[in-house]
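Trainee: If it helps, the file is called target12.txt and holds compact mmCIF, C-alpha atoms:
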# COMPACT_ATOMS: atom_id res chain seq x y z
CA MET A 1 0.00 0.00 0.00
CA GLU A 2 1.33 3.47 -0.85
CA PRO A 3 2.46 5.63 2.12
CA THR A 4 -0.45 8.08 1.79
CA ALA A 5 -2.99 5.26 1.84
CA THR A 6 -1.23 3.68 4.83
CA ARG A 7 -1.36 6.92 6.82
CA MET A 8 -5.00 7.41 5.86
CA LEU A 9 -5.91 3.92 7.02
CA THR A 10 -4.00 4.40 10.29
CA MET A 11 -5.78 7.67 11.04
CA GLY A 12 -9.16 6.23 10.15
CA LEU A 13 -8.69 3.13 12.28
CA ALA A 14 -7.66 5.26 15.24
CA ALA A 15 -11.36 6.12 15.47
CA LEU A 16 -12.05 2.45 16.21
CA GLY A 17 -9.74 2.32 19.20
CA ALA A 18 -12.24 3.08 21.96
CA ALA A 19 -12.49 0.34 24.56
CA VAL A 20 -15.64 -1.71 24.94
CA PRO A 21 -17.50 -0.56 28.07
CA PRO A 22 -17.08 -2.84 31.07
CA ALA A 23 -19.91 -5.01 32.30
CA ASP A 24 -22.23 -3.66 34.94
CA SER A 25 -21.44 -4.88 38.44
CA GLY A 26 -24.82 -6.13 39.62
CA THR A 27 -25.51 -7.20 43.15
CA ALA A 28 -26.63 -10.67 42.18
CA ARG A 29 -23.95 -13.08 40.99
CA ALA A 30 -26.18 -14.46 38.26
CA GLN A 31 -26.84 -10.99 36.90
CA ALA A 32 -23.15 -10.17 37.05
CA ALA A 33 -22.28 -13.39 35.20
CA ASP A 34 -24.88 -12.70 32.53
CA ALA A 35 -23.66 -9.14 32.10
CA ALA A 36 -20.06 -10.32 31.82
CA ALA A 37 -21.03 -12.92 29.23
CA ASP A 38 -22.96 -10.36 27.22
CA THR A 39 -20.04 -7.93 27.34
CA SER A 40 -17.66 -10.67 26.25
CA ARG A 41 -19.85 -11.51 23.27
CA GLU A 42 -20.21 -7.83 22.37
CA ALA A 43 -16.45 -7.35 22.63
CA GLN A 44 -15.88 -10.38 20.42
CA ASP A 45 -18.39 -9.07 17.87
CA GLY A 46 -16.73 -5.65 17.96
CA SER A 47 -13.28 -7.18 17.46
CA GLU A 48 -14.52 -9.25 14.53
CA ALA A 49 -16.18 -6.24 12.93
CA ARG A 50 -13.06 -4.13 13.40
CA ALA A 51 -10.84 -6.80 11.82
CA LEU A 52 -13.12 -7.08 8.79
CA ILE A 53 -13.32 -3.29 8.43
CA GLU A 54 -9.53 -3.05 8.58
CA THR A 55 -9.16 -5.71 5.89
CA LEU A 56 -11.72 -4.25 3.50
CA SER A 57 -10.67 -0.62 3.91
CA ALA A 58 -7.00 -1.53 3.35
CA ARG A 59 -7.91 -3.34 0.14
CA LEU A 60 -9.96 -0.40 -1.09
CA LEU A 61 -7.18 2.09 -0.42
CA ALA A 62 -4.62 -0.05 -2.21
CA ALA A 63 -6.68 -0.90 -5.33
CA PRO A 64 -7.47 1.10 -8.47
CA SER A 65 -11.09 -0.11 -8.54
CA ALA A 66 -13.59 -0.31 -5.68
CA THR A 67 -15.86 -2.40 -7.92
CA ALA A 68 -13.23 -5.11 -8.34
CA VAL A 69 -12.52 -5.16 -4.59
CA LEU A 70 -16.22 -5.47 -3.74
CA GLU A 71 -16.79 -8.25 -6.26
CA ALA A 72 -13.89 -10.24 -4.78
CA TRP A 73 -15.18 -9.51 -1.26
CA CYS A 74 -18.71 -10.58 -2.19
CA ALA A 75 -17.35 -13.89 -3.51
CA GLU A 76 -15.16 -14.48 -0.45
CA ARG A 77 -18.00 -13.80 1.97
CA GLY A 78 -20.49 -15.87 -0.03
CA LEU A 79 -23.01 -13.04 -0.20
CA SER A 80 -24.55 -14.16 -3.48
CA PRO A 81 -24.28 -17.08 -5.90
CA ASP A 82 -23.49 -14.42 -8.52
CA PRO A 83 -20.94 -12.05 -6.95
CA ARG A 84 -21.23 -9.37 -9.60
CA ILE A 85 -21.74 -5.83 -8.34
CA VAL A 86 -24.79 -3.98 -9.66
CA ALA A 87 -25.12 -0.18 -9.48
CA VAL A 88 -28.73 0.73 -8.68
CA ARG A 89 -29.43 4.36 -9.47
CA VAL A 90 -30.76 6.47 -6.59
CA PRO A 91 -33.17 9.15 -7.82
CA GLY A 92 -32.72 12.63 -6.48
CA PRO A 93 -31.59 16.14 -7.29
CA ASP A 94 -28.35 16.76 -9.13
CA LYS A 95 -25.38 17.82 -6.98
CA PRO A 96 -23.26 20.44 -8.76
CA PRO A 97 -19.53 19.76 -8.42
CA GLY A 98 -18.58 23.13 -6.93
CA ALA A 99 -15.37 25.07 -7.47
CA ALA A 100 -13.09 22.89 -5.32
CA ARG A 101 -14.21 19.66 -7.00
CA ARG A 102 -13.86 21.24 -10.44
CA GLU A 103 -10.32 22.20 -9.52
CA ARG A 104 -9.52 18.62 -8.47
CA LEU A 105 -11.00 17.40 -11.75
CA ALA A 106 -8.99 20.03 -13.68
CA VAL A 107 -12.03 21.42 -15.50
CA GLY A 108 -13.16 24.98 -16.09
CA PRO A 109 -16.39 26.52 -14.81
CA ASP A 110 -18.28 25.72 -18.03
CA GLU A 111 -17.02 22.15 -18.66
CA PRO A 112 -19.87 19.63 -18.25
CA VAL A 113 -19.54 17.41 -15.15
CA ARG A 114 -22.16 14.71 -14.65
CA TYR A 115 -23.43 13.44 -11.32
CA ARG A 116 -24.51 9.87 -10.54
CA ARG A 117 -25.64 8.43 -7.19
CA VAL A 118 -25.89 4.66 -6.87
CA ARG A 119 -26.24 1.83 -4.40
CA LEU A 120 -23.69 -0.90 -5.10
CA THR A 121 -25.39 -4.22 -4.48
CA CYS A 122 -24.30 -7.85 -4.37
CA GLY A 123 -27.38 -10.05 -4.65
CA THR A 124 -29.87 -8.57 -2.17
CA HIS A 125 -27.20 -6.77 -0.10
CA VAL A 126 -26.43 -3.04 -0.40
CA LEU A 127 -22.68 -2.88 0.24
CA SER A 128 -22.17 0.84 -0.33
CA GLU A 129 -23.69 4.07 -1.56
CA ALA A 130 -21.61 6.25 -3.86
CA ASP A 131 -21.76 9.79 -5.19
CA ASN A 132 -19.89 10.11 -8.47
CA TRP A 133 -18.91 13.25 -10.38
CA TYR A 134 -17.32 12.52 -13.76
CA VAL A 135 -16.18 14.40 -16.85
CA PRO A 136 -18.04 12.89 -19.83
CA SER A 137 -15.66 14.36 -22.41
CA ARG A 138 -12.87 12.21 -20.94
CA LEU A 139 -14.82 8.99 -21.42
CA THR A 140 -15.75 7.23 -24.65
CA PRO A 141 -19.28 7.52 -26.09
CA ALA A 142 -19.88 3.85 -25.23
CA MET A 143 -18.86 4.48 -21.61
CA ASN A 144 -21.18 7.47 -21.31
CA ALA A 145 -24.04 5.46 -22.80
CA ALA A 146 -23.45 2.62 -20.33
CA LEU A 147 -23.43 5.02 -17.39
CA ASP A 148 -26.63 6.69 -18.59
CA GLY A 149 -28.59 3.60 -19.51
CA THR A 150 -27.40 0.56 -17.54
CA GLN A 151 -26.75 -0.62 -14.00
CA ALA A 152 -23.10 -1.30 -14.68
CA PRO A 153 -20.87 0.05 -11.88
CA PHE A 154 -18.57 2.92 -12.78
CA GLY A 155 -15.40 0.92 -12.14
CA ARG A 156 -16.39 -1.79 -14.61
CA VAL A 157 -17.41 0.73 -17.27
CA VAL A 158 -14.13 2.67 -17.17
CA ARG A 159 -11.84 -0.35 -16.74
CA PRO A 160 -10.48 -0.01 -20.33
CA LEU A 161 -8.97 3.33 -19.28
CA ASP A 162 -6.70 1.48 -16.82
CA PRO A 163 -7.45 4.09 -14.14
CA SER A 164 -5.46 4.95 -11.04
CA ARG A 165 -7.16 5.88 -7.79
CA ARG A 166 -5.85 8.73 -5.62
CA ASN A 167 -7.42 8.50 -2.17
CA ARG A 168 -8.35 11.78 -0.50
CA SER A 169 -9.83 10.63 2.80
CA LEU A 170 -10.92 7.69 4.90
CA THR A 171 -13.44 8.42 7.66
CA MET A 172 -14.58 5.83 10.19
CA LEU A 173 -18.29 6.17 11.01
CA TRP A 174 -18.87 3.11 13.21
CA ARG A 175 -17.55 2.87 16.77
CA PRO A 176 -16.91 -0.44 18.55
CA GLU A 177 -18.37 0.89 21.82
CA ARG A 178 -21.82 0.67 20.24
CA ALA A 179 -21.56 -3.05 21.04
CA GLY A 180 -22.30 -6.03 18.87
CA MET A 181 -22.04 -6.34 15.12
CA PRO A 182 -23.29 -3.36 13.08
CA GLY A 183 -26.61 -3.78 11.31
CA PRO A 184 -26.58 -4.32 7.53
CA ALA A 185 -27.69 -0.74 6.81
CA GLU A 186 -25.40 0.92 9.38
CA PRO A 187 -22.66 3.13 7.86
CA LEU A 188 -19.17 1.79 8.65
CA PHE A 189 -16.72 4.09 6.90
CA SER A 190 -16.45 6.43 3.94
CA VAL A 191 -13.78 6.92 1.31
CA GLU A 192 -13.25 9.86 -1.03
CA ALA A 193 -11.02 9.44 -4.07
CA VAL A 194 -10.15 10.90 -7.47
CA LEU A 195 -9.74 8.61 -10.48
CA THR A 196 -7.18 9.46 -13.14
CA ALA A 197 -6.19 7.99 -16.50
CA GLY A 198 -2.78 8.82 -17.86
CA GLY A 199 -2.41 11.36 -15.08
CA VAL A 200 -5.61 13.21 -16.09
CA PRO A 201 -8.45 13.23 -13.51
CA PHE A 202 -11.83 12.22 -14.86
CA CYS A 203 -13.92 11.28 -11.79
CA GLU A 204 -14.32 11.96 -8.09
CA VAL A 205 -16.20 9.55 -5.84
CA ALA A 206 -17.51 9.65 -2.29
CA GLU A 207 -18.34 6.13 -1.08
CA THR A 208 -20.02 5.04 2.15
CA TYR A 209 -19.74 1.35 3.06
CA THR A 210 -22.42 -0.37 5.13
CA GLY A 211 -22.64 -3.17 7.66
CA ALA A 212 -23.79 -5.52 4.88
CA VAL A 213 -20.12 -6.03 3.96
CA LEU A 214 -19.68 -7.85 7.29
CA LEU A 215 -22.32 -10.47 6.56
CA GLN A 216 -21.31 -14.07 5.97
CA GLY A 217 -23.18 -16.23 3.47
CA GLU A 218 -22.64 -19.71 2.13
CA ARG A 219 -19.54 -20.34 0.05
Would you mind writing the file's structure down as structure tokens?
Mentor:
Amino acid sequence: MEPTATRMLTMGLAALGAAVPPADSGTARAQAADAAADTSREAQDGSEARALIETLSARLLAAPSATAVLEAWCAERGLSPDPRIVAVRVPGPDKPPGAARRERLAVGPDEPVRYRRVRLTCGTHVLSEADNWYVPSRLTPAMNAALDGTQAPFGRVVRPLDPSRRNRSLTMLWRPERAGMPGPAEPLFSVEAVLTAGGVPFCEVAETYTGAVLLQGER
């Protein structure tokens, strides 16, 4: 993993370092034993969740394509007989890129920048939600048509460009002191990145990964 990604992962995981709260000290021994057992299970669940989050976030930071990482993860975890990632469009208002994002994309104030919000699913599981701002003039007509008219994820569509991914931030959203495993819809962490091809930026993404990535299916 490149040094920047390593530092980003280290800073993000620091947010997971809070200790699991101790068990309540009840007056009855049975209650105390039950509380201790519950705390132990919660701590174990929290440790397992943290380990999985560390593994997945490290892979995402080190890879050029989040789609490829999620498809491999979906297969490893047995989340669906068909581990292909599908991008389900989320209807809603357009989000203009703003001056700072336009600067990162190296486009002028009048250059068209398209916005796309999707849920990345594996089978019935929503693994992440992503906001995507991309420069259509830097993609092929076939790529733009696929993004407009299909549920193909962005990473698969632009794979022929052999893109590189420059990570901007990793933010941990889940805390282990909440106890137990996160729910499937609970936000775990977010990643912001800029995609480039031949050194030219063509896309910025903001991805939020959910507790569904921690599920275990049949393999």
Trainee: In Å, with one decimal, what is the gap from CA of Ala197 in chain A to CA of Asp162 in chain A?
Mentor: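 Here the two named atoms are 6.5 Å from each other.
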Trainee: For Ala100 in chain A, find every residue with an atom within 12 Å (counting all atoms listed in the file), except residues of its own chain fewer than 5 positions away, and show them as an MDAnalysis selection string.
Mentor: chainID A and resid 105:109 204
Trainee: Taking into account only C-alpha atoms, which residue in the set A:Pro153, A:Gly217, A:Pro201, A:Pro184 is nearest to Ala49 in chain A?
Mentor: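 With only C-alpha atoms as the atom set, the closest residue is A:Pro184.
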Trainee: As JSON, numbers by chain, please: the residues near range 92-97 of chain A (cut-off 7 Å, only C-alpha atoms, same-chain neighbours under 4 positions excluded).
Mentor: {"A": [101, 102, 115, 133]}
Trainee: Pick from A:Val135, A:Leu56, A:Cys203, A:Val113: nearest to Leu188 in chain A, with all atoms listed in the file counted?
Mentor: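 Ranking A:Val135, A:Leu56, A:Cys203, A:Val113 by distance to Leu188 in chain A, first place goes to A:Leu56.
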Trainee: Nearest residue to Val126 in chain A out of A:Leu139, A:Ala152, A:Leu52, A:Leu79, using all atoms listed in the file?
Mentor: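 Selected residue with least distance to Val126 in chain A: A:Leu79.
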